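K.L.:
Structure below; questions to follow.
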Amino acid sequence: MISCAQRSPAYRPDIDGLRAIAVLLVVGFHAFPNAVPGGFIGVDVFFVISGFLISGLIAQQLEAGTFSLPVFYGRRARRIFPALVLVLLVCLAAGFLLLLPADYRNLGADAAWSAAFVANIALFFQAGYFDAAAETKPLLHLWSLGIEEQFYIIWPLLLMLTARRRWMWRAAVVVLLLSFACNIALSAADRTAAFYLPASRAWELAAGALLALMPRRPHPFAIQNAAAWTGLGLLVAAVMLIDPDSLFPGWWALMPVAGTALLIFAGPTAHINRLLLKHPALVYIGLISYPLYLWHWPLLVFTRIARFGAEPTIIMKLALVGASFVFAHLTWRWIERPFRTGHPSLLQPIGASAGLAAAACLAVLVWSQAGIPGRFDNHVQKLAKDFQTEANQAYRTNTCFLTETQAPSAFSDACVSATPSAPRLVLLWGDSYAAHLFPGLAALQRTKNFDLAEYTASGCPPILGFTSTQRTNCDAVNTFVMKRIETLKPHTVILAGRWNLYDGHRGWGAMDRSAIDATRAKLAASGVQRIVVVGQFPAWSLAPSRILIRNHQLGLLTREAKASTPLADYETKYLDQKAFAADDFVRQSWMASNVTFISPRTTLCNSAGCRLTSPGTPPQPIAWDHGHLTVAGSVYFVTANAEQLLGP
């Protein structure tokens with residue numbers, strides 16, 4: 001009766017081939033998640049391989065009386081630290097150029113946690129692996145290193161205590177069962193905890209350890225082949241059946257773990273292992289799998305960040321994957337191999353540890369300095385700080401601006417500000433693109449003598465009878481507003497909307513000219529003296545504040561700008577020119593003698609493009625997202641069109 005760990009730790013190229021499959025699955029999932037939905041199970045494959053190789057080596061050295069904890073941890077430092085230090089430093093450098101202060105501060109924290117191998121714990125408190133926020137975390141993937149290193153802090157000590165192989169094997173069984181039970185319980189109660197915490201992941205490494213420690217007898221070749229084919233089938237099934245919506249790890253994790261264990265158990269002579277896993281191309285990828293794993297995700301994330309959230313194209317992703325292979329080979333050849341091969345020296349682990357400590361200190365410095373905001377001038381810092389803040393939106397949500405779930409009865413009495421001395425009432429009606437005019441009208445009200453009412457609702461244009469599958473309350477809201485108009489008898493009704501949204505092709509409903517005619521006639525019959533229609537506002541592919549920051553950063557990178565370089569007032573590059581077709585449609589549809597039409601394009605755009613900022617010191621972004629005006633933008637637009645909005 002012999003154990004595979006009792007034999008000399010002969011190199012098995014088929015395990016490097018298995019490593020290759022694991023890393024290719026992970027890279028495929030990160031680059032093309034729709035094509036490889038279950039590719040994230042490659043990390044589970046890594047865990048089993050790691051448990052098998054390292055536990056077998058520890059057991060062999062313990063039996064020979066040559067095992068040393070300092071030597072073991074020194075070997076881990078030589079294996080893991082050098083490439084990790086390089087990637088951390090490159091990510092911090094890229095973040096310095098591309099990230100805004102708050103995001104760079106977060107990267108500093110993530111880099112420090114990663115250097116301490118507790119990234120999995122930190123990420124557990126931040127976001128799930130499959131959350132949208134994860135797409136902007138360049139070091140998200142380093143959670144798996146945390147799991148491994150936390151396991152190897154305790155595991156060698158446990159093996160040393162058990163001393164004999166049969167007790168090592170039993171210890172592996174106990175760890176596997178306890179951790180798997182924790183995995184099942186946590187997967188049902190808290191999926192993020194089950195994914196990130198070592199207690200629910202240790203069983204995967206213990207499965208590999210059990211395979212290395214358990215007694216084995218030679219098995220018939222047919223059994224080895226059956227194990228290999230079954231293992232490969234389980235991995236293929238795992239990739240096809242498991243996806244981000246699965247209750248993973250849980251019971252699902254048994255598939256990749258068992259599949260990997262069976263492929264290792266089958267041995268290097270099984271058909272699959274010999275013909276597929278030992279293929280030179282896979283073996284090579286397996287050799288560079290660690291730096292490939294380190295590089296691919298930061299490249300994808302920083303490209304996404306450089307595109308301000310836009311997903312890289314397929315061609316870009318293919319190029320990034322190719323670049324990952326190049327960086328991985330160079331890292332393996334010039335960083336990893338020199339530390340791992342050759343005569344062991346105490347200087348190697350000390351140097352690797354010192355490098356990691358230096359990277360950690362730099363990361364802590366970035367965090368402690370709040371992302372080094374001095375990289376940007378005060379104006380750009382303020383743009384970054386104020387981006388999409390509630391103060392910039394200034395909606396009277398839930399009272400005079402209803403959400404999609406609110407009935408018109410939610411409108412507050414405060415939606416009408418009436419005073420006995422005001423000669424006229426101005427009523428604002430429409431969707432969020434009407435609601436964003438309220439701050440400007442409220443500011444104008446302080447210098448002009450008029451009362452102001454607001455009745456707006458998300459996704460509901462001011463058209464009677466309008467229906468939408470996205471907003472089921474629109475018909476009821478608009479009917480209610482018309483009744484309020486008949487009761488209040490305002491002098492002026494201002495109608496505004498995100499008109500290009502209601503073209504009938506986006507699921508938000510379609511504008512109908514007959515319904516517009518009926519709405520106009522109803523307003524006239526109710527005694528409204530002036531009908532003011534505000535047309536289509538500029539639509540941006542990026543928020544103007546982001547465009548300003550992006551242009552400033554690109555200018556600094558190309559040395560075309562200095563920290564004090566003024567920000568451009570107008571821009572065309574990120575402008576959706578097609579949206580203005582709705583402006584012409586609305587003008588023609590509402591055209592009548594009693595209707596005043598105001599085109600935002602006339603106010604906000606010229607031959608140089610459309611405004612990114614409103615005048616002022618310092619100038620403020622005109623919109624806080626892809627088109628909704630900021631408070632400053634609202635005040636500017638309303639002031640510029642005060643005469644048309646209020647009339648003589």
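By convention in this document, the chains of the structure tokens carry letters A, B, ... by their order, each chain's residues are numbered from 1, and ligands are numbered from 1 in the order they are shown.
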Neighbours of stretch 360-368 of chain A within 7 Å (only C-alpha atoms; same-chain residues fewer than 3 positions away dropped), as a PDB file with N, CA and C atoms, in the first residue's frame?
P.N.:
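Writing the result to result.pdb gives the following:
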```pdb
ATOM      1  N   ARG A 105      -8.226  56.032  -3.694  1.00  0.00           N
ATOM      2  CA  ARG A 105      -8.130  55.697  -2.274  1.00  0.00           C
ATOM      3  C   ARG A 105      -8.602  54.262  -2.033  1.00  0.00           C
ATOM      4  N   ASN A 106      -9.699  53.884  -2.675  1.00  0.00           N
ATOM      5  CA  ASN A 106     -10.194  52.513  -2.532  1.00  0.00           C
ATOM      6  C   ASN A 106      -9.208  51.499  -3.094  1.00  0.00           C
ATOM      7  N   GLY A 108      -5.977  51.882  -3.163  1.00  0.00           N
ATOM      8  CA  GLY A 108      -4.916  51.788  -2.172  1.00  0.00           C
ATOM      9  C   GLY A 108      -5.276  50.829  -1.057  1.00  0.00           C
ATOM     10  N   ALA A 109      -6.520  50.919  -0.578  1.00  0.00           N
ATOM     11  CA  ALA A 109      -6.959  50.004   0.476  1.00  0.00           C
ATOM     12  C   ALA A 109      -6.960  48.558  -0.022  1.00  0.00           C
ATOM     13  N   ALA A 111      -5.181  47.258  -2.419  1.00  0.00           N
ATOM     14  CA  ALA A 111      -3.809  46.791  -2.610  1.00  0.00           C
ATOM     15  C   ALA A 111      -3.176  46.424  -1.268  1.00  0.00           C
ATOM     16  N   ALA A 112      -3.446  47.216  -0.230  1.00  0.00           N
ATOM     17  CA  ALA A 112      -2.897  46.906   1.096  1.00  0.00           C
ATOM     18  C   ALA A 112      -3.465  45.597   1.626  1.00  0.00           C
ATOM     19  N   ALA A 115      -1.860  42.723  -0.282  1.00  0.00           N
ATOM     20  CA  ALA A 115      -0.493  42.461   0.141  1.00  0.00           C
ATOM     21  C   ALA A 115      -0.450  41.714   1.468  1.00  0.00           C
ATOM     22  N   LEU A 356       7.172  43.124  -1.095  1.00  0.00           N
ATOM     23  CA  LEU A 356       5.742  43.126  -0.801  1.00  0.00           C
ATOM     24  C   LEU A 356       5.418  44.143   0.296  1.00  0.00           C
ATOM     25  N   ALA A 357       6.296  44.238   1.292  1.00  0.00           N
ATOM     26  CA  ALA A 357       6.086  45.221   2.355  1.00  0.00           C
ATOM     27  C   ALA A 357       6.136  46.645   1.802  1.00  0.00           C
ATOM     28  N   GLY A 371      -6.317  59.196  -1.684  1.00  0.00           N
ATOM     29  CA  GLY A 371      -6.232  59.055  -3.129  1.00  0.00           C
ATOM     30  C   GLY A 371      -5.417  60.135  -3.798  1.00  0.00           C
ATOM     31  N   ILE A 372      -4.621  60.868  -3.042  1.00  0.00           N
ATOM     32  CA  ILE A 372      -3.737  61.928  -3.555  1.00  0.00           C
ATOM     33  C   ILE A 372      -4.512  62.890  -4.456  1.00  0.00           C
TER      34      ILE A 372
END
```
K.L.:
Excluding same-chain residues fewer than 5 positions from stretch 234-247 of chain A, what lies within 6 Å of it counting only C-alpha atoms, as a PyMOL selection string?
P.N.:
chain A and resi 37-39+255-256+259
K.L.:
Please provide the set of residues having any atom within 12 Å of A:Leu211, restricted to only C-alpha atoms, with same-chain residues fewer than 3 positions apart removed, written as a PyMOL selection string.
P.N.:
chain A and resi 3-5+48-56+168-170+172-173+176+204-208+214-216+257-258+260-267
K.L.:
For N, CA and C atoms, I'd like the residues from the last selection saved as a compact mmCIF listing (two decimals), in the first residue's frame.
P.N.:
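Saved as out_12.txt:
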```txt
# COMPACT_ATOMS: atom_id res chain seq x y z
N SER A 3 1.27 5.56 -0.96
CA SER A 3 0.58 6.84 -1.19
C SER A 3 1.29 7.56 -2.31
N CYS A 4 0.51 8.32 -3.06
CA CYS A 4 1.14 9.08 -4.13
C CYS A 4 2.12 10.08 -3.56
N ALA A 5 1.92 10.49 -2.29
CA ALA A 5 2.83 11.44 -1.68
C ALA A 5 4.08 10.78 -1.17
N VAL A 48 -8.07 22.86 -5.52
CA VAL A 48 -7.84 21.42 -5.39
C VAL A 48 -6.41 21.08 -5.77
N ILE A 49 -5.92 21.66 -6.88
CA ILE A 49 -4.54 21.39 -7.30
C ILE A 49 -3.56 21.83 -6.22
N SER A 50 -3.78 23.01 -5.67
CA SER A 50 -2.89 23.52 -4.63
C SER A 50 -2.88 22.61 -3.42
N GLY A 51 -4.05 22.20 -2.97
CA GLY A 51 -4.12 21.31 -1.82
C GLY A 51 -3.41 19.99 -2.06
N PHE A 52 -3.52 19.46 -3.27
CA PHE A 52 -2.88 18.19 -3.60
C PHE A 52 -1.35 18.32 -3.60
N LEU A 53 -0.83 19.29 -4.30
CA LEU A 53 0.62 19.40 -4.46
C LEU A 53 1.31 19.78 -3.15
N ILE A 54 0.78 20.78 -2.47
CA ILE A 54 1.49 21.26 -1.29
C ILE A 54 1.33 20.29 -0.12
N SER A 55 0.16 19.69 0.03
CA SER A 55 -0.01 18.73 1.13
C SER A 55 0.86 17.50 0.93
N GLY A 56 0.97 17.04 -0.31
CA GLY A 56 1.84 15.90 -0.58
C GLY A 56 3.28 16.20 -0.25
N MET A 168 -2.86 12.28 9.41
CA MET A 168 -2.96 13.40 8.45
C MET A 168 -4.19 13.22 7.56
N TRP A 169 -4.36 11.99 7.10
CA TRP A 169 -5.50 11.69 6.22
C TRP A 169 -6.81 11.94 6.96
N ARG A 170 -6.88 11.51 8.22
CA ARG A 170 -8.09 11.72 9.00
C ARG A 170 -8.32 13.21 9.28
N ALA A 172 -7.50 15.60 7.30
CA ALA A 172 -8.02 16.16 6.05
C ALA A 172 -9.51 15.86 5.91
N VAL A 173 -9.93 14.66 6.31
CA VAL A 173 -11.35 14.30 6.25
C VAL A 173 -12.17 15.20 7.16
N LEU A 176 -12.34 18.71 5.73
CA LEU A 176 -13.22 18.71 4.55
C LEU A 176 -14.69 18.70 4.96
N GLU A 204 -12.22 22.70 -0.24
CA GLU A 204 -11.75 22.48 -1.61
C GLU A 204 -10.25 22.18 -1.61
N LEU A 205 -9.50 22.92 -0.80
CA LEU A 205 -8.08 22.60 -0.67
C LEU A 205 -7.90 21.28 0.08
N ALA A 206 -8.77 21.03 1.07
CA ALA A 206 -8.69 19.78 1.82
C ALA A 206 -8.99 18.58 0.93
N ALA A 207 -9.83 18.78 -0.11
CA ALA A 207 -10.11 17.68 -1.04
C ALA A 207 -8.83 17.28 -1.79
N GLY A 208 -8.07 18.28 -2.22
CA GLY A 208 -6.80 17.96 -2.86
C GLY A 208 -5.82 17.34 -1.89
N MET A 214 -4.32 10.17 1.24
CA MET A 214 -5.00 8.90 1.43
C MET A 214 -4.19 7.74 0.85
N PRO A 215 -4.27 6.56 1.48
CA PRO A 215 -3.56 5.39 0.93
C PRO A 215 -4.11 5.04 -0.45
N ARG A 216 -3.22 4.65 -1.32
CA ARG A 216 -3.65 4.28 -2.68
C ARG A 216 -2.98 2.99 -3.11
N VAL A 257 -14.90 20.52 -7.99
CA VAL A 257 -13.95 19.94 -7.04
C VAL A 257 -13.79 18.44 -7.30
N ALA A 258 -14.90 17.73 -7.44
CA ALA A 258 -14.83 16.29 -7.72
C ALA A 258 -14.20 16.03 -9.08
N THR A 260 -11.97 17.85 -10.70
CA THR A 260 -10.52 18.06 -10.61
C THR A 260 -9.85 16.91 -9.88
N ALA A 261 -10.45 16.49 -8.76
CA ALA A 261 -9.87 15.40 -7.98
C ALA A 261 -9.78 14.12 -8.80
N LEU A 262 -10.80 13.83 -9.60
CA LEU A 262 -10.78 12.61 -10.42
C LEU A 262 -9.71 12.68 -11.50
N LEU A 263 -9.51 13.85 -12.09
CA LEU A 263 -8.47 13.99 -13.11
C LEU A 263 -7.08 13.82 -12.50
N ILE A 264 -6.88 14.33 -11.29
CA ILE A 264 -5.59 14.13 -10.62
C ILE A 264 -5.41 12.66 -10.23
N PHE A 265 -6.48 12.08 -9.70
CA PHE A 265 -6.45 10.68 -9.28
C PHE A 265 -6.11 9.76 -10.46
N ALA A 266 -6.60 10.10 -11.65
CA ALA A 266 -6.42 9.23 -12.82
C ALA A 266 -4.94 9.03 -13.15
N GLY A 267 -4.10 10.00 -12.80
CA GLY A 267 -2.68 9.84 -13.05
C GLY A 267 -2.26 10.26 -14.44
```
K.L.:
Tell me, as a list in words, which residues lie within 9 Å of A:Ala410, counting only C-alpha atoms; anything in the same chain fewer than 6 positions away does not count.
P.N.:
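Contacts, with the query itself left out: Asn398, Thr399, Cys400 and Leu402 of chain A.
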K.L.:
From a backbone DSSP assignment, name each residue in stretch 495-633 of chain A labelled helix (DSSP H, G or I), as a PyMOL selection string.
P.N.:
chain A and resi 499-501+513-525+544-557+577-590+600-604+631-633
K.L.:
Pick from A:Ala212, A:Ala515, A:Ala496, A:Ala188: nearest to A:Ile598, with only C-alpha atoms counted?
P.N.:
A:Ala496
K.L.:
Pick out the residues sitting within 10 Å of A:Glu486, and hand them over as a list in words; count only C-alpha atoms, and ignore anything fewer than 4 positions along from it in its own chain.
P.N.:
Phe480, Val481, Met482, Pro490, Lys522, Leu523, Ala525, Ser526, Gly527 and Val528 of chain A
K.L.:
Using only C-alpha atoms, which of A:Gly374, A:Pro33, A:Gly535, A:Pro618 sits nearest A:Phe597?
P.N.:
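The shortest atom-to-atom distance to A:Phe597 comes from A:Gly535.
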K.L.:
Expressed in Å to a single decimal, how great is the separation between atom CA of A:Ser634 and atom CA of A:Gln577?
P.N.:
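Atom-to-atom, atom CA of A:Ser634 to atom CA of A:Gln577, that is 21.2 Å.
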K.L.:
Which of these residues is nearest to A:Leu158, using only C-alpha atoms: A:Ala623, A:Arg375, A:Arg601, A:Ile58?
P.N.:
A:Ile58
K.L.:
Can you pull out the residues contacting stretch 453-463 of chain A? Cut-off 9 Å, using only C-alpha atoms, and skip same-chain residues under 5 positions away; I want them as JSON, numbers by chain.
P.N.:
{"A": [397, 399, 400, 401, 402, 403, 404, 406, 408, 411, 414, 415, 416, 417, 418, 425, 426, 427, 428, 429, 430, 431, 432, 433, 434, 435, 438, 468, 470, 471, 473, 474, 475, 477, 478, 481, 490, 495, 496, 497, 498, 499, 501, 502, 508, 511, 512, 515, 516, 518, 519, 520]}
K.L.:
Write the selection just made, keeping C-alpha atoms, as a CSV table (one decimal), in the first residue's frame?
P.N.:
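Generated file (part.csv):
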```
chain,number,residue,atom,x,y,z
A,397,THR,CA,-38.9,63.0,-4.9
A,399,THR,CA,-43.9,64.4,-3.0
A,400,CYS,CA,-43.9,66.4,-6.3
A,401,PHE,CA,-41.8,64.0,-8.4
A,402,LEU,CA,-43.3,60.6,-8.2
A,403,THR,CA,-41.4,57.3,-8.7
A,404,GLU,CA,-42.7,54.5,-10.9
A,406,GLN,CA,-46.4,55.8,-6.6
A,408,PRO,CA,-51.1,60.3,-8.0
A,411,PHE,CA,-48.7,64.3,-4.6
A,414,ALA,CA,-46.7,71.6,-1.0
A,415,CYS,CA,-46.5,71.0,-4.7
A,416,VAL,CA,-48.4,74.3,-5.1
A,417,SER,CA,-46.9,77.5,-3.6
A,418,ALA,CA,-49.7,80.0,-3.7
A,425,LEU,CA,-49.7,80.6,-11.4
A,426,VAL,CA,-47.1,78.6,-13.4
A,427,LEU,CA,-47.5,74.8,-13.4
A,428,LEU,CA,-44.8,72.4,-14.3
A,429,TRP,CA,-45.9,69.1,-15.8
A,430,GLY,CA,-43.9,66.1,-17.2
A,431,ASP,CA,-41.2,63.5,-16.4
A,432,SER,CA,-37.8,63.9,-14.8
A,433,TYR,CA,-36.8,66.3,-17.5
A,434,ALA,CA,-39.6,68.6,-16.3
A,435,ALA,CA,-38.6,68.0,-12.7
A,438,PHE,CA,-37.9,73.2,-10.9
A,468,SER,CA,-45.9,52.4,-21.0
A,470,GLN,CA,-42.1,50.6,-17.9
A,471,ARG,CA,-44.3,53.0,-16.0
A,473,ASN,CA,-48.9,54.8,-13.3
A,474,CYS,CA,-48.5,57.3,-16.2
A,475,ASP,CA,-52.1,57.4,-17.3
A,477,VAL,CA,-50.8,60.5,-13.0
A,478,ASN,CA,-51.5,62.5,-16.2
A,481,VAL,CA,-52.6,66.5,-13.3
A,490,PRO,CA,-52.9,78.2,-14.0
A,495,LEU,CA,-44.5,70.8,-20.4
A,496,ALA,CA,-41.2,69.0,-20.7
A,497,GLY,CA,-39.9,65.5,-21.1
A,498,ARG,CA,-37.2,63.3,-22.3
A,499,TRP,CA,-38.9,63.1,-25.6
A,501,LEU,CA,-37.1,58.1,-24.9
A,502,TYR,CA,-40.7,57.8,-26.1
A,508,TRP,CA,-41.1,53.2,-22.8
A,511,MET,CA,-45.7,59.6,-28.5
A,512,ASP,CA,-48.9,59.8,-30.6
A,515,ALA,CA,-52.9,62.2,-28.1
A,516,ILE,CA,-50.8,65.4,-28.2
A,518,ALA,CA,-56.1,66.1,-27.5
A,519,THR,CA,-53.8,67.2,-24.6
A,520,ARG,CA,-53.3,70.6,-26.2
```
K.L.:
Using only C-alpha atoms, which of A:Val326, A:Met160, A:Ile350, A:Ala524 sits nearest A:Leu69?
P.N.:
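Looking at the shortest contact to A:Leu69, the residue is A:Met160.
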K.L.:
So, counting only C-alpha atoms, which residue among A:Phe580, A:Trp334, A:Trp143, A:Phe339 is closest to A:Arg75?
P.N.:
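Of all the options, A:Phe339 lies closest to A:Arg75.
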